[in-house]
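The file target18.pdb contains PDB, C-alpha atoms:
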ATOM      1  CA  MET B   1      -0.698 -24.862  17.228
ATOM      2  CA  GLN B   2       2.150 -22.396  17.897
ATOM      3  CA  LYS B   3       4.600 -24.783  16.238
ATOM      4  CA  LEU B   4       2.394 -24.890  13.155
ATOM      5  CA  ILE B   5       2.240 -21.082  12.999
ATOM      6  CA  LEU B   6       6.023 -20.855  13.425
ATOM      7  CA  LEU B   7       6.514 -23.441  10.670
ATOM      8  CA  ILE B   8       4.222 -21.483   8.324
ATOM      9  CA  LEU B   9       6.030 -18.209   9.121
ATOM     10  CA  LEU B  10       9.403 -19.849   8.590
ATOM     11  CA  THR B  11       8.277 -21.308   5.255
ATOM     12  CA  LEU B  12       6.987 -17.932   4.104
ATOM     13  CA  SER B  13      10.106 -16.117   5.285
ATOM     14  CA  LEU B  14      12.172 -18.578   3.266
ATOM     15  CA  GLN B  15      10.201 -17.356   0.246
ATOM     16  CA  GLY B  16      11.812 -13.952   0.674
ATOM     17  CA  PHE B  17       9.825 -12.148   3.375
ATOM     18  CA  THR B  18      11.077 -11.402   6.863
ATOM     19  CA  ILE B  19       8.799 -11.789   9.868
ATOM     20  CA  ASP B  20       8.410  -7.983   9.997
ATOM     21  CA  GLN B  21       7.383  -7.899   6.340
ATOM     22  CA  LEU B  22       4.902 -10.720   6.887
ATOM     23  CA  ASN B  23       3.410  -8.771   9.796
ATOM     24  CA  ILE B  24       2.994  -5.689   7.591
ATOM     25  CA  LEU B  25       1.366  -7.765   4.841
ATOM     26  CA  LYS B  26      -0.989  -9.359   7.378
ATOM     27  CA  LYS B  27      -1.885  -5.937   8.762
ATOM     28  CA  ALA B  28      -2.664  -4.674   5.245
ATOM     29  CA  LYS B  29      -4.813  -7.723   4.551
ATOM     30  CA  ASP B  30      -6.732  -7.363   7.817
ATOM     31  CA  TYR B  31      -7.226  -3.628   7.263
ATOM     32  CA  GLY B  32      -8.740  -4.111   3.826
ATOM     33  CA  ARG B  33     -10.760  -7.246   4.526
ATOM     34  CA  SER B  34     -14.162  -5.626   5.129
ATOM     35  CA  LEU B  35     -13.703  -3.347   2.097
ATOM     36  CA  ASN B  36     -12.740  -6.063  -0.406
ATOM     37  CA  LEU B  37      -9.322  -4.392  -0.713
ATOM     38  CA  SER B  38      -7.150  -6.897   1.170
ATOM     39  CA  TYR B  39      -5.082  -8.138  -1.740
ATOM     40  CA  SER B  40      -4.867  -4.692  -3.331
ATOM     41  CA  LEU B  41      -3.472  -3.210  -0.126
ATOM     42  CA  GLN B  42      -1.059  -6.099   0.341
ATOM     43  CA  ALA B  43       0.234  -5.931  -3.220
ATOM     44  CA  ILE B  44       0.658  -2.150  -3.125
ATOM     45  CA  VAL B  45       2.466  -2.311   0.215
ATOM     46  CA  TRP B  46       4.743  -4.988  -1.237
ATOM     47  CA  GLN B  47       5.339  -2.995  -4.429
ATOM     48  CA  GLU B  48       5.779   0.436  -2.867
ATOM     49  CA  SER B  49       7.779  -0.185   0.293
ATOM     50  CA  SER B  50       8.881  -3.795  -0.011
ATOM     51  CA  ALA B  51       6.333  -4.530   2.728
ATOM     52  CA  GLY B  52       7.582  -1.829   5.068
ATOM     53  CA  VAL B  53      11.321  -1.877   4.344
ATOM     54  CA  GLN B  54      11.527   1.359   2.292
ATOM     55  CA  ARG B  55       9.116   3.822   3.880
ATOM     56  CA  GLU B  56      10.428   7.050   2.360
ATOM     57  CA  ASN B  57      10.886   8.221  -1.203
ATOM     58  CA  TYR B  58      12.037  11.825  -1.113
ATOM     59  CA  ILE B  59      12.237  12.056  -4.905
ATOM     60  CA  SER B  60       8.497  11.439  -5.342
ATOM     61  CA  GLY B  61       7.499  12.848  -1.947
ATOM     62  CA  CYS B  62       5.816   9.585  -0.935
ATOM     63  CA  PHE B  63       5.893   8.092   2.549
ATOM     64  CA  GLY B  64       4.898   5.049   4.578
ATOM     65  CA  ILE B  65       4.111   1.469   3.725
ATOM     66  CA  GLY B  66       1.821   2.497   0.862
ATOM     67  CA  HIS B  67       3.980   5.410  -0.304
ATOM     68  CA  ILE B  68       1.260   7.987   0.071
ATOM     69  CA  ARG B  69       2.208  11.226  -1.648
ATOM     70  CA  LEU B  70       2.431  13.892   1.046
ATOM     71  CA  ARG B  71       1.163  16.706  -1.169
ATOM     72  CA  THR B  72      -1.860  14.691  -2.288
ATOM     73  CA  TYR B  73      -2.632  13.680   1.289
ATOM     74  CA  LEU B  74      -2.535  17.279   2.507
ATOM     75  CA  ASP B  75      -4.681  18.486  -0.393
ATOM     76  CA  ARG B  76      -7.279  15.691  -0.042
ATOM     77  CA  HIS B  77      -7.623  16.455   3.680
ATOM     78  CA  LYS B  78      -7.600  20.235   3.151
ATOM     79  CA  ILE B  79      -4.529  20.652   5.340
ATOM     80  CA  LYS B  80      -2.563  23.812   4.680
ATOM     81  CA  ARG B  81       0.847  23.063   3.151
ATOM     82  CA  THR B  82       2.970  24.808   5.762
ATOM     83  CA  TYR B  83       6.470  23.621   6.585
ATOM     84  CA  LYS B  84       5.301  22.499  10.032
ATOM     85  CA  ASN B  85       2.325  20.548   8.660
ATOM     86  CA  GLN B  86       4.527  18.887   6.064
ATOM     87  CA  LEU B  87       6.954  17.727   8.764
ATOM     88  CA  ILE B  88       4.149  16.467  11.000
ATOM     89  CA  TYR B  89       2.293  14.550   8.284
ATOM     90  CA  LYS B  90       5.451  13.201   6.675
ATOM     91  CA  HIS B  91       6.326  11.672  10.046
ATOM     92  CA  LEU B  92       2.777  10.377  10.632
ATOM     93  CA  LEU B  93       2.487   8.842   7.168
ATOM     94  CA  THR B  94       5.913   7.248   7.517
ATOM     95  CA  TYR B  95       5.472   5.643  10.924
ATOM     96  CA  ASN B  96       1.726   5.327  11.565
ATOM     97  CA  ASP B  97       0.737   2.290   9.520
ATOM     98  CA  ASP B  98      -2.972   2.645  10.331
ATOM     99  CA  LEU B  99      -3.010   6.232   9.049
ATOM    100  CA  ASN B 100      -1.111   5.150   5.947
ATOM    101  CA  LEU B 101      -3.456   2.222   5.313
ATOM    102  CA  GLN B 102      -6.483   4.488   5.693
ATOM    103  CA  ALA B 103      -4.928   6.925   3.225
ATOM    104  CA  MET B 104      -4.363   4.015   0.829
ATOM    105  CA  VAL B 105      -8.004   2.993   1.173
ATOM    106  CA  ASP B 106      -9.146   6.575   0.568
ATOM    107  CA  GLU B 107      -6.950   6.789  -2.515
ATOM    108  CA  LEU B 108      -8.088   3.447  -3.929
ATOM    109  CA  GLU B 109     -11.753   4.203  -3.258
ATOM    110  CA  PHE B 110     -11.354   7.567  -4.985
ATOM    111  CA  TRP B 111      -9.869   5.950  -8.090
ATOM    112  CA  LEU B 112     -12.342   3.052  -8.060
ATOM    113  CA  LYS B 113     -15.137   5.632  -8.154
ATOM    114  CA  VAL B 114     -13.441   7.528 -11.004
ATOM    115  CA  HIS B 115     -12.935   4.292 -12.972
ATOM    116  CA  ASP B 116     -16.336   2.690 -12.207
ATOM    117  CA  GLY B 117     -14.853  -0.141 -10.132
ATOM    118  CA  ASN B 118     -12.145  -1.094 -12.619
ATOM    119  CA  PHE B 119      -9.270  -2.290 -10.423
ATOM    120  CA  LEU B 120      -6.608  -2.308 -13.153
ATOM    121  CA  LYS B 121      -7.256   1.348 -14.006
ATOM    122  CA  SER B 122      -7.527   2.237 -10.316
ATOM    123  CA  TRP B 123      -4.154   0.669  -9.507
ATOM    124  CA  ALA B 124      -2.679   2.527 -12.477
ATOM    125  CA  SER B 125      -4.121   5.786 -11.152
ATOM    126  CA  TYR B 126      -2.864   5.057  -7.628
ATOM    127  CA  PHE B 127       0.569   5.288  -9.217
ATOM    128  CA  ALA B 128       0.113   7.824 -12.013
ATOM    129  CA  GLY B 129      -3.026   9.832 -11.260
ATOM    130  CA  TYR B 130      -5.192  10.578 -14.267
ATOM    131  CA  ASP B 131      -2.483   9.342 -16.665
ATOM    132  CA  VAL B 132      -3.737   5.751 -16.610
ATOM    133  CA  LYS B 133      -1.599   4.748 -19.568
ATOM    134  CA  ALA B 134       1.565   5.718 -17.662
ATOM    135  CA  GLY B 135       0.499   3.520 -14.741
ATOM    136  CA  LEU B 136      -0.528   0.373 -16.619
ATOM    137  CA  SER B 137       2.813  -1.376 -16.133
ATOM    138  CA  TYR B 138       2.536  -0.645 -12.409
ATOM    139  CA  ALA B 139      -1.031  -1.981 -12.378
ATOM    140  CA  ARG B 140       0.082  -5.195 -14.063
ATOM    141  CA  ASP B 141       2.801  -5.581 -11.415
ATOM    142  CA  ILE B 142       0.115  -5.211  -8.725
ATOM    143  CA  GLN B 143      -2.034  -7.783 -10.516
ATOM    144  CA  ALA B 144       0.910 -10.232 -10.640
ATOM    145  CA  LYS B 145       1.690  -9.666  -6.972
ATOM    146  CA  ILE B 146      -1.934 -10.389  -6.045
ATOM    147  CA  LYS B 147      -1.695 -13.722  -7.885
ATOM    148  CA  GLN B 148       1.497 -14.536  -5.965
ATOM    149  CA  LEU B 149      -0.048 -13.520  -2.630
ATOM    150  CA  LYS B 150      -3.059 -15.740  -3.284
ATOM    151  CA  LYS B 151      -0.821 -18.640  -4.292
ATOM    152  CA  MET B 152       1.212 -18.209  -1.066
ATOM    153  CA  ASN B 153      -2.090 -17.933   0.842
ATOM    154  CA  LEU B 154      -1.034 -14.692   2.498
TER     155      LEU B 154
END

Show me, as C-alpha cells, the structure contained in the file I just sent.
Amino acid sequence: MQKLILLILLTLSLQGFTIDQLNILKKAKDYGRSLNLSYSLQAIVWQESSAGVQRENYISGCFGIGHIRLRTYLDRHKIKRTYKNQLIYKHLLTYNDDLNLQAMVDELEFWLKVHDGNFLKSWASYFAGYDVKAGLSYARDIQAKIKQLKKMNL
C-alpha cells in the first residue's frame, strides 16, 4: 500500500507539484470537504500561493496559502489595526495554515451569501471584492484549476 501511495505521489509530483505542495493541496481539500468547498480552496491555494510556495505579497497586503488580505481579516474580526496586531496577524496568516484556511472559508462563505451561491461571482469577489467584473478572469482561472484538480484526482 505504501508503495502505491509513493507511486501516486511521484506521478503527481512529476506533473509539476512538489510533495510539500501536494500536502498543502490535500490539507485544503480536507479542510473544505464538509463545507462543499474542497476544490475551491485547493484551486485558490494553487492560484494564490502556488500551493504554499509564495506565502507573502507585500504589494497587495495578502498573506498565507490563500493570500488573505491582512486589512480585511482584521476588519472582519474587529481587530484594531495597531502596528503590533498587524505584525502578529501577518505572521499567523502566513504560517498557520489552519487559520488561513478558516479565513478563506469565511471569505468564500461571505461572498457566496452576497452572490446567492454563485461560485463564479464569489471567486471573482474573493479576488476583487465588490468589483466582480474585475475578478472574472481570476474566477475563470479558478474554474480551470478545479477542472485540472478533478482530472488529476487531487

Check your understanding: Quick one: residues within 10 Å of Tyr39 in chain B, all atoms listed in the file counted, chain neighbours fewer than 5 positions away excluded, as a list in words?
Key ->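 Residues near the query, excluding close chain neighbours: Leu25, Ala28, Lys29, Asp30, Gly32, Arg33, Ile44, Val45, Ile142, Gln143, Lys145, Ile146, Lys147, Leu149, Lys150 and Leu154 of chain B.
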
Check your understanding: When the PyMOL selection byres ((chain B and resi 125-132) around 10) is applied to the file above, which residues end up in the set, as a count of residues only?
Key -> 27

Point to revise | Separation of CA of Ser60 in chain B from CA of Asp97 in chain B in Å | key: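 Calculated distance between CA of Asp97 in chain B and CA of Ser60 in chain B is 19.1 Å.
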
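The residues returned by the PyMOL selection byres ((chain B and resi 86) around 12) on the shown structure are Gly61, Cys62, Phe63, Arg69, Leu70, Arg71, Thr72, Tyr73, Leu74, Asp75, Ile79, Lys80, Arg81, Thr82, Tyr83, Lys84, Asn85, Leu87, Ile88, Tyr89, Lys90, His91, Leu92, Leu93 and Thr94 of chain B.
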
Output file for the residues above (C-alpha atoms, as an mmCIF file, in the frame of the given file):
data_model
loop_
_atom_site.group_PDB
_atom_site.id
_atom_site.type_symbol
_atom_site.label_atom_id
_atom_site.label_comp_id
_atom_site.auth_asym_id
_atom_site.auth_seq_id
_atom_site.Cartn_x
_atom_site.Cartn_y
_atom_site.Cartn_z
ATOM 1 C CA GLY B 61 7.499 12.848 -1.947
ATOM 2 C CA CYS B 62 5.816 9.585 -0.935
ATOM 3 C CA PHE B 63 5.893 8.092 2.549
ATOM 4 C CA ARG B 69 2.208 11.226 -1.648
ATOM 5 C CA LEU B 70 2.431 13.892 1.046
ATOM 6 C CA ARG B 71 1.163 16.706 -1.169
ATOM 7 C CA THR B 72 -1.860 14.691 -2.288
ATOM 8 C CA TYR B 73 -2.632 13.680 1.289
ATOM 9 C CA LEU B 74 -2.535 17.279 2.507
ATOM 10 C CA ASP B 75 -4.681 18.486 -0.393
ATOM 11 C CA ILE B 79 -4.529 20.652 5.340
ATOM 12 C CA LYS B 80 -2.563 23.812 4.680
ATOM 13 C CA ARG B 81 0.847 23.063 3.151
ATOM 14 C CA THR B 82 2.970 24.808 5.762
ATOM 15 C CA TYR B 83 6.470 23.621 6.585
ATOM 16 C CA LYS B 84 5.301 22.499 10.032
ATOM 17 C CA ASN B 85 2.325 20.548 8.660
ATOM 18 C CA LEU B 87 6.954 17.727 8.764
ATOM 19 C CA ILE B 88 4.149 16.467 11.000
ATOM 20 C CA TYR B 89 2.293 14.550 8.284
ATOM 21 C CA LYS B 90 5.451 13.201 6.675
ATOM 22 C CA HIS B 91 6.326 11.672 10.046
ATOM 23 C CA LEU B 92 2.777 10.377 10.632
ATOM 24 C CA LEU B 93 2.487 8.842 7.168
ATOM 25 C CA THR B 94 5.913 7.248 7.517
#

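In this model, the gap between CA of Ile65 in chain B and CA of Ser49 in chain B comes to 5.3 Å.
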
Revision key, fill the gap. Between B:Asn153, B:Gln21, B:Asn100, B:Gln148, smallest distance to Gly52 in chain B by only C-alpha atoms belongs to B:Gln21

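Distances from B:Ser40, B:Asn118, B:Asn23, B:Thr18 to Val105 in chain B were compared using all atoms listed in the file, and the smallest one belongs to B:Ser40.
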
Check your understanding: Suppose you want the space between CA of Lys27 in chain B and CA of Lys78 in chain B; what is it in Å?
Key -> 27.4 Å
